[in-house]
Amino acid sequence: MSLLEMTNVTAFYGASQALFDVSLSLEDGQVLALMGRNGMGKSTTVKVICRLLKHHSGNLAFAGRDLADLPPHRAAQLGIGLVPEGRRCFNNLTVAENLVAAARPGDWDFAAVCALFPVLEERKDQLSVSLSGGEQQMLAIARALMTNPRLLVLDEATEGLAPVIRQQIWAALARLKAETGLSILVIDKSIRELASVADQAVILEKGSTVWQGSFGALTPEISDRFLGV
């Protein structure tokens, strides 16, 4: 059984339809790249998975549980951890307080996330608003891990960051994949960096799934057709 299963999902913002036919499947321990040009429905798909937006039709299940009627906090309790676009750290809390606020029992505790991102230990008493953009992104990932999720969802986690910080985050994702078996759904534009971690890929165009398969089967022709400028 798939950990996450979406089948023919549609969704609306008011009267405007954003998703027309999204299907994807993610197994335990897999890394899935959700890809597509800007405005094609990737972030909306993430909102539906995390129950920040209800879907209109289609089927959506996580760990065998129908998500249709669940509010966001119940989806999080089931094990869906979100690293949102734009980080959204709690600016009036310290690094340590940001992490403790999200903590749930499990292997991921303060020591574990600081081992993944050592700078958080160094900055633990600073307000999160005082961190650099890259440090805030590390904090956002660590905060999601502190919920001890079964699925980690990252929405543009490296966008706008300096190359050295991007490398650190990709290295952390590779470590998560190799050492923990955590399932990961990641949105990013870099095919080269996604190739280092992703097992599967799904491409969206105009709110519909237009291609899915193993990442190794993502040919330059497919990339040019659906992802090129």
# chains A, B, ... in the order shown; residues from 1 in each chain; ligands from 1
call {"tool": "select_by_dssp", "arguments": {"residues": "chain A", "states": "strand (DSSP E or B)", "output": "PyMOL selection string"}}
result
chain A and resi 4-13+16-26+31-35+55-62+65-66+80-83+94+127+151-155+183-187+200-205+208-214
call {"tool": "write_last_selection", "arguments": {"atoms": "C-alpha atoms", "output": "tab-separated table (two decimals), in the first residue's frame"}}
result
chain	number	residue	atom	x	y	z
A	4	LEU	CA	0.39	8.76	0.00
A	5	GLU	CA	-2.10	8.24	-2.81
A	6	MET	CA	-3.83	10.96	-4.85
A	7	THR	CA	-6.16	9.95	-7.65
A	8	ASN	CA	-7.87	12.37	-10.06
A	9	VAL	CA	-7.93	15.16	-7.49
A	10	THR	CA	-9.56	18.50	-8.31
A	11	ALA	CA	-9.52	21.67	-6.20
A	12	PHE	CA	-10.80	25.23	-6.34
A	13	TYR	CA	-10.03	28.65	-4.92
A	16	SER	CA	-11.58	29.33	-9.83
A	17	GLN	CA	-10.43	25.79	-10.49
A	18	ALA	CA	-6.76	25.25	-9.68
A	19	LEU	CA	-6.39	21.47	-9.89
A	20	PHE	CA	-8.12	19.55	-12.66
A	21	ASP	CA	-6.73	16.03	-12.48
A	22	VAL	CA	-3.79	15.39	-10.15
A	23	SER	CA	-2.66	11.85	-9.45
A	24	LEU	CA	0.48	10.72	-7.65
A	25	SER	CA	1.69	7.90	-5.47
A	26	LEU	CA	4.48	7.78	-2.89
A	31	VAL	CA	11.62	10.58	-2.39
A	32	LEU	CA	9.16	12.05	-4.89
A	33	ALA	CA	9.93	15.17	-6.92
A	34	LEU	CA	6.84	17.24	-7.73
A	35	MET	CA	7.75	19.31	-10.77
A	55	HIS	CA	-10.21	19.09	-2.60
A	56	HIS	CA	-13.44	19.05	-4.56
A	57	SER	CA	-13.32	15.56	-6.05
A	58	GLY	CA	-11.00	12.60	-6.41
A	59	ASN	CA	-9.42	10.43	-3.75
A	60	LEU	CA	-6.68	11.36	-1.28
A	61	ALA	CA	-5.33	8.92	1.30
A	62	PHE	CA	-2.37	8.86	3.67
A	65	ARG	CA	-6.59	6.95	5.91
A	66	ASP	CA	-8.98	9.03	3.80
A	80	ILE	CA	2.56	14.87	7.45
A	81	GLY	CA	5.26	17.45	8.15
A	82	LEU	CA	5.30	20.60	6.02
A	83	VAL	CA	8.21	22.90	5.23
A	94	THR	CA	13.99	31.89	19.58
A	127	LEU	CA	15.19	35.15	17.73
A	151	LEU	CA	6.19	12.22	5.25
A	152	LEU	CA	8.26	15.39	4.93
A	153	VAL	CA	6.88	17.87	2.38
A	154	LEU	CA	9.24	20.61	1.16
A	155	ASP	CA	7.81	23.42	-0.97
A	183	SER	CA	9.40	9.56	2.85
A	184	ILE	CA	9.93	12.96	1.22
A	185	LEU	CA	7.93	14.98	-1.29
A	186	VAL	CA	10.01	17.85	-2.64
A	187	ILE	CA	9.22	20.72	-4.98
A	200	GLN	CA	10.18	9.16	-8.59
A	201	ALA	CA	8.90	12.27	-10.35
A	202	VAL	CA	5.51	13.74	-11.14
A	203	ILE	CA	5.10	16.66	-13.54
A	204	LEU	CA	2.10	18.97	-13.42
A	205	GLU	CA	0.87	21.20	-16.19
A	208	SER	CA	-3.09	18.12	-14.13
A	209	THR	CA	-0.60	15.28	-13.94
A	210	VAL	CA	0.99	15.00	-17.38
A	211	TRP	CA	3.90	12.68	-16.61
A	212	GLN	CA	5.01	10.38	-13.79
A	213	GLY	CA	7.63	7.71	-13.47
A	214	SER	CA	11.07	6.95	-12.10
call {"tool": "closest_residue", "arguments": {"among": "A:Val129, A:Val48, A:Ala75, A:Leu173", "to": "Asn92 (chain A)", "atoms": "only C-alpha atoms"}}
result
A:Val129
call {"tool": "residues_around", "arguments": {"residues": "Leu139 (chain A)", "least_positions_apart": "3", "cutoff": "8 Å", "atoms": "only C-alpha atoms", "output": "ChimeraX atom specification"}}
result
/A:89,95,98-99,120,135-136,142-143
call {"tool": "write_last_selection", "arguments": {"atoms": "C-alpha atoms", "output": "compact mmCIF listing (two decimals), in the first residue's frame"}}
result
# COMPACT_ATOMS: atom_id res chain seq x y z
CA CYS A 89 9.28 30.75 11.18
CA VAL A 95 15.38 29.06 17.51
CA ASN A 98 10.49 27.39 17.40
CA LEU A 99 11.63 23.80 17.65
CA LEU A 120 20.87 25.79 14.99
CA GLU A 135 19.47 29.60 8.55
CA GLN A 136 15.72 30.24 8.65
CA ALA A 142 14.19 21.15 11.54
CA ARG A 143 10.84 22.34 12.91
call {"tool": "atom_distance", "arguments": {"atom1": "CA of Arg104 (chain A)", "atom2": "CA of Arg74 (chain A)"}}
result
13.4 Å
call {"tool": "atom_distance", "arguments": {"atom1": "CA of Leu145 (chain A)", "atom2": "CA of Gly207 (chain A)"}}
result
28.7 Å
call {"tool": "closest_residue", "arguments": {"among": "A:Leu131, A:Pro72, A:Leu78, A:Gln30", "to": "Ala174 (chain A)", "atoms": "only C-alpha atoms"}}
result
A:Gln30
call {"tool": "residues_around", "arguments": {"residues": "Arg192 (chain A)", "least_positions_apart": "4", "cutoff": "12 Å", "atoms": "only C-alpha atoms", "output": "compact mmCIF listing (two decimals) with C-alpha atoms, in the first residue's frame"}}
result
# COMPACT_ATOMS: atom_id res chain seq x y z
CA ALA A 33 9.93 15.17 -6.92
CA GLN A 167 24.37 22.47 -1.09
CA TRP A 170 20.57 19.00 -0.46
CA ASP A 188 12.26 22.29 -6.61
CA SER A 196 20.76 13.21 -6.43
CA VAL A 197 17.87 12.29 -4.11
CA ALA A 198 14.63 11.63 -6.01
CA PHE A 215 13.38 9.96 -11.99
CA GLY A 216 15.86 8.12 -14.18
CA LEU A 218 12.93 11.75 -17.01
CA PRO A 220 15.80 15.70 -21.74
CA SER A 223 12.10 18.01 -19.45
call {"tool": "atom_distance", "arguments": {"atom1": "CA of Asn38 (chain A)", "atom2": "CA of Phe226 (chain A)"}}
result
11.1 Å
call {"tool": "closest_residue", "arguments": {"among": "A:Phe110, A:Pro149, A:Ala195, A:Arg37", "to": "Gly228 (chain A)", "atoms": "only C-alpha atoms"}}
result
A:Arg37
call {"tool": "select_by_dssp", "arguments": {"residues": "region 14-149 of chain A", "states": "alpha helix (DSSP H)", "output": "PyMOL selection string"}}
result
chain A and resi 42-49+72-78+95-102+110-116+119-122+133-145
call {"tool": "write_last_selection", "arguments": {"atoms": "C-alpha atoms", "output": "short mmCIF file (atom, residue, chain, number, x, y, z; two decimals), in the first residue's frame"}}
result
data_model
loop_
_atom_site.label_atom_id
_atom_site.label_comp_id
_atom_site.auth_asym_id
_atom_site.auth_seq_id
_atom_site.Cartn_x
_atom_site.Cartn_y
_atom_site.Cartn_z
CA LYS A 42 2.47 22.34 -7.33
CA SER A 43 1.93 24.46 -4.22
CA THR A 44 -1.83 23.95 -4.48
CA THR A 45 -1.24 20.20 -4.49
CA VAL A 46 0.84 20.56 -1.33
CA LYS A 47 -1.94 22.59 0.30
CA VAL A 48 -4.43 19.83 -0.53
CA ILE A 49 -2.15 17.12 0.89
CA PRO A 72 -4.80 20.49 8.92
CA HIS A 73 -3.83 19.69 12.51
CA ARG A 74 -5.19 16.15 12.21
CA ALA A 75 -3.22 15.59 9.00
CA ALA A 76 -0.11 16.74 10.86
CA GLN A 77 -0.88 14.36 13.70
CA LEU A 78 -1.09 11.50 11.21
CA VAL A 95 15.38 29.06 17.51
CA ALA A 96 14.97 26.66 20.44
CA GLU A 97 11.41 27.85 21.07
CA ASN A 98 10.49 27.39 17.40
CA LEU A 99 11.63 23.80 17.65
CA VAL A 100 10.08 22.99 21.00
CA ALA A 101 6.76 24.45 19.87
CA ALA A 102 6.51 21.81 17.12
CA PHE A 110 16.52 19.02 19.61
CA ALA A 111 19.82 17.14 19.63
CA ALA A 112 18.97 15.23 16.45
CA VAL A 113 18.00 18.27 14.38
CA CYS A 114 21.05 20.16 15.63
CA ALA A 115 23.21 17.25 14.50
CA LEU A 116 21.68 17.65 11.03
CA VAL A 119 24.20 26.13 13.15
CA LEU A 120 20.87 25.79 14.99
CA GLU A 121 22.71 24.79 18.16
CA GLU A 122 24.90 27.87 17.82
CA GLY A 133 17.53 33.31 5.01
CA GLY A 134 19.47 30.07 4.78
CA GLU A 135 19.47 29.60 8.55
CA GLN A 136 15.72 30.24 8.65
CA GLN A 137 15.25 27.56 6.00
CA MET A 138 17.25 25.09 8.06
CA LEU A 139 15.09 26.01 11.04
CA ALA A 140 11.91 25.43 9.02
CA ILE A 141 13.11 21.96 7.99
CA ALA A 142 14.19 21.15 11.54
CA ARG A 143 10.84 22.34 12.91
CA ALA A 144 9.00 19.98 10.54
CA LEU A 145 11.28 17.12 11.58
#
call {"tool": "decode", "arguments": {"residues": "region 133-173 of chain A", "atoms": "N, CA and C atoms", "output": "compact mmCIF listing (two decimals), in the first residue's frame"}}
result
# COMPACT_ATOMS: atom_id res chain seq x y z
N GLY A 133 18.54 34.08 5.73
CA GLY A 133 17.53 33.31 5.01
C GLY A 133 17.83 31.83 5.00
N GLY A 134 19.09 31.47 4.79
CA GLY A 134 19.47 30.07 4.78
C GLY A 134 19.30 29.41 6.13
N GLU A 135 19.65 30.14 7.20
CA GLU A 135 19.47 29.60 8.55
C GLU A 135 18.00 29.43 8.89
N GLN A 136 17.16 30.38 8.44
CA GLN A 136 15.72 30.24 8.65
C GLN A 136 15.18 29.02 7.91
N GLN A 137 15.71 28.74 6.73
CA GLN A 137 15.25 27.56 6.00
C GLN A 137 15.64 26.28 6.72
N MET A 138 16.84 26.24 7.25
CA MET A 138 17.25 25.09 8.06
C MET A 138 16.35 24.93 9.27
N LEU A 139 15.99 26.05 9.89
CA LEU A 139 15.09 26.01 11.04
C LEU A 139 13.72 25.48 10.64
N ALA A 140 13.22 25.90 9.48
CA ALA A 140 11.91 25.43 9.02
C ALA A 140 11.91 23.92 8.78
N ILE A 141 13.00 23.41 8.21
CA ILE A 141 13.11 21.96 7.99
C ILE A 141 13.20 21.24 9.33
N ALA A 142 14.04 21.77 10.23
CA ALA A 142 14.19 21.15 11.54
C ALA A 142 12.88 21.16 12.31
N ARG A 143 12.13 22.25 12.22
CA ARG A 143 10.84 22.34 12.91
C ARG A 143 9.89 21.27 12.41
N ALA A 144 9.86 21.04 11.09
CA ALA A 144 9.00 19.98 10.54
C ALA A 144 9.46 18.61 11.02
N LEU A 145 10.77 18.40 11.10
CA LEU A 145 11.28 17.12 11.58
C LEU A 145 10.93 16.89 13.05
N MET A 146 10.85 17.96 13.82
CA MET A 146 10.52 17.84 15.24
C MET A 146 9.10 17.31 15.46
N THR A 147 8.26 17.34 14.43
CA THR A 147 6.94 16.72 14.54
C THR A 147 7.03 15.22 14.36
N ASN A 148 8.23 14.71 14.05
CA ASN A 148 8.46 13.28 13.79
C ASN A 148 7.49 12.73 12.76
N PRO A 149 7.56 13.30 11.55
CA PRO A 149 6.61 12.91 10.51
C PRO A 149 6.98 11.59 9.83
N ARG A 150 5.99 11.00 9.16
CA ARG A 150 6.24 9.88 8.25
C ARG A 150 6.52 10.39 6.85
N LEU A 151 6.00 11.58 6.55
CA LEU A 151 6.19 12.22 5.25
C LEU A 151 6.63 13.66 5.47
N LEU A 152 7.76 14.02 4.89
CA LEU A 152 8.26 15.39 4.93
C LEU A 152 7.98 16.04 3.58
N VAL A 153 7.26 17.16 3.60
CA VAL A 153 6.88 17.87 2.38
C VAL A 153 7.64 19.19 2.34
N LEU A 154 8.43 19.40 1.29
CA LEU A 154 9.24 20.61 1.16
C LEU A 154 8.81 21.38 -0.09
N ASP A 155 8.29 22.58 0.13
CA ASP A 155 7.81 23.42 -0.97
C ASP A 155 8.84 24.50 -1.26
N GLU A 156 9.64 24.29 -2.32
CA GLU A 156 10.67 25.24 -2.75
C GLU A 156 11.63 25.57 -1.61
N ALA A 157 12.20 24.54 -1.00
CA ALA A 157 13.03 24.72 0.19
C ALA A 157 14.37 25.38 -0.10
N THR A 158 14.82 25.43 -1.36
CA THR A 158 16.12 26.03 -1.65
C THR A 158 16.01 27.29 -2.50
N GLU A 159 14.79 27.74 -2.74
CA GLU A 159 14.59 28.89 -3.63
C GLU A 159 15.19 30.16 -3.03
N GLY A 160 15.98 30.85 -3.85
CA GLY A 160 16.54 32.13 -3.45
C GLY A 160 17.71 32.08 -2.49
N LEU A 161 18.23 30.90 -2.22
CA LEU A 161 19.32 30.77 -1.27
C LEU A 161 20.67 30.76 -1.98
N ALA A 162 21.70 31.13 -1.24
CA ALA A 162 23.05 31.11 -1.79
C ALA A 162 23.45 29.68 -2.13
N PRO A 163 24.31 29.50 -3.14
CA PRO A 163 24.70 28.15 -3.55
C PRO A 163 25.24 27.29 -2.42
N VAL A 164 26.03 27.86 -1.52
CA VAL A 164 26.61 27.06 -0.44
C VAL A 164 25.52 26.56 0.51
N ILE A 165 24.49 27.37 0.73
CA ILE A 165 23.38 26.95 1.59
C ILE A 165 22.55 25.89 0.88
N ARG A 166 22.33 26.08 -0.41
CA ARG A 166 21.60 25.06 -1.18
C ARG A 166 22.30 23.72 -1.06
N GLN A 167 23.61 23.72 -1.18
CA GLN A 167 24.37 22.47 -1.09
C GLN A 167 24.19 21.81 0.27
N GLN A 168 24.16 22.62 1.33
CA GLN A 168 23.98 22.07 2.67
C GLN A 168 22.60 21.42 2.82
N ILE A 169 21.59 22.07 2.25
CA ILE A 169 20.23 21.52 2.37
C ILE A 169 20.09 20.25 1.55
N TRP A 170 20.63 20.23 0.34
CA TRP A 170 20.57 19.00 -0.46
C TRP A 170 21.34 17.88 0.22
N ALA A 171 22.47 18.21 0.83
CA ALA A 171 23.23 17.19 1.56
C ALA A 171 22.42 16.65 2.73
N ALA A 172 21.67 17.53 3.40
CA ALA A 172 20.83 17.08 4.51
C ALA A 172 19.72 16.16 4.01
N LEU A 173 19.12 16.49 2.86
CA LEU A 173 18.07 15.63 2.31
C LEU A 173 18.64 14.27 1.91
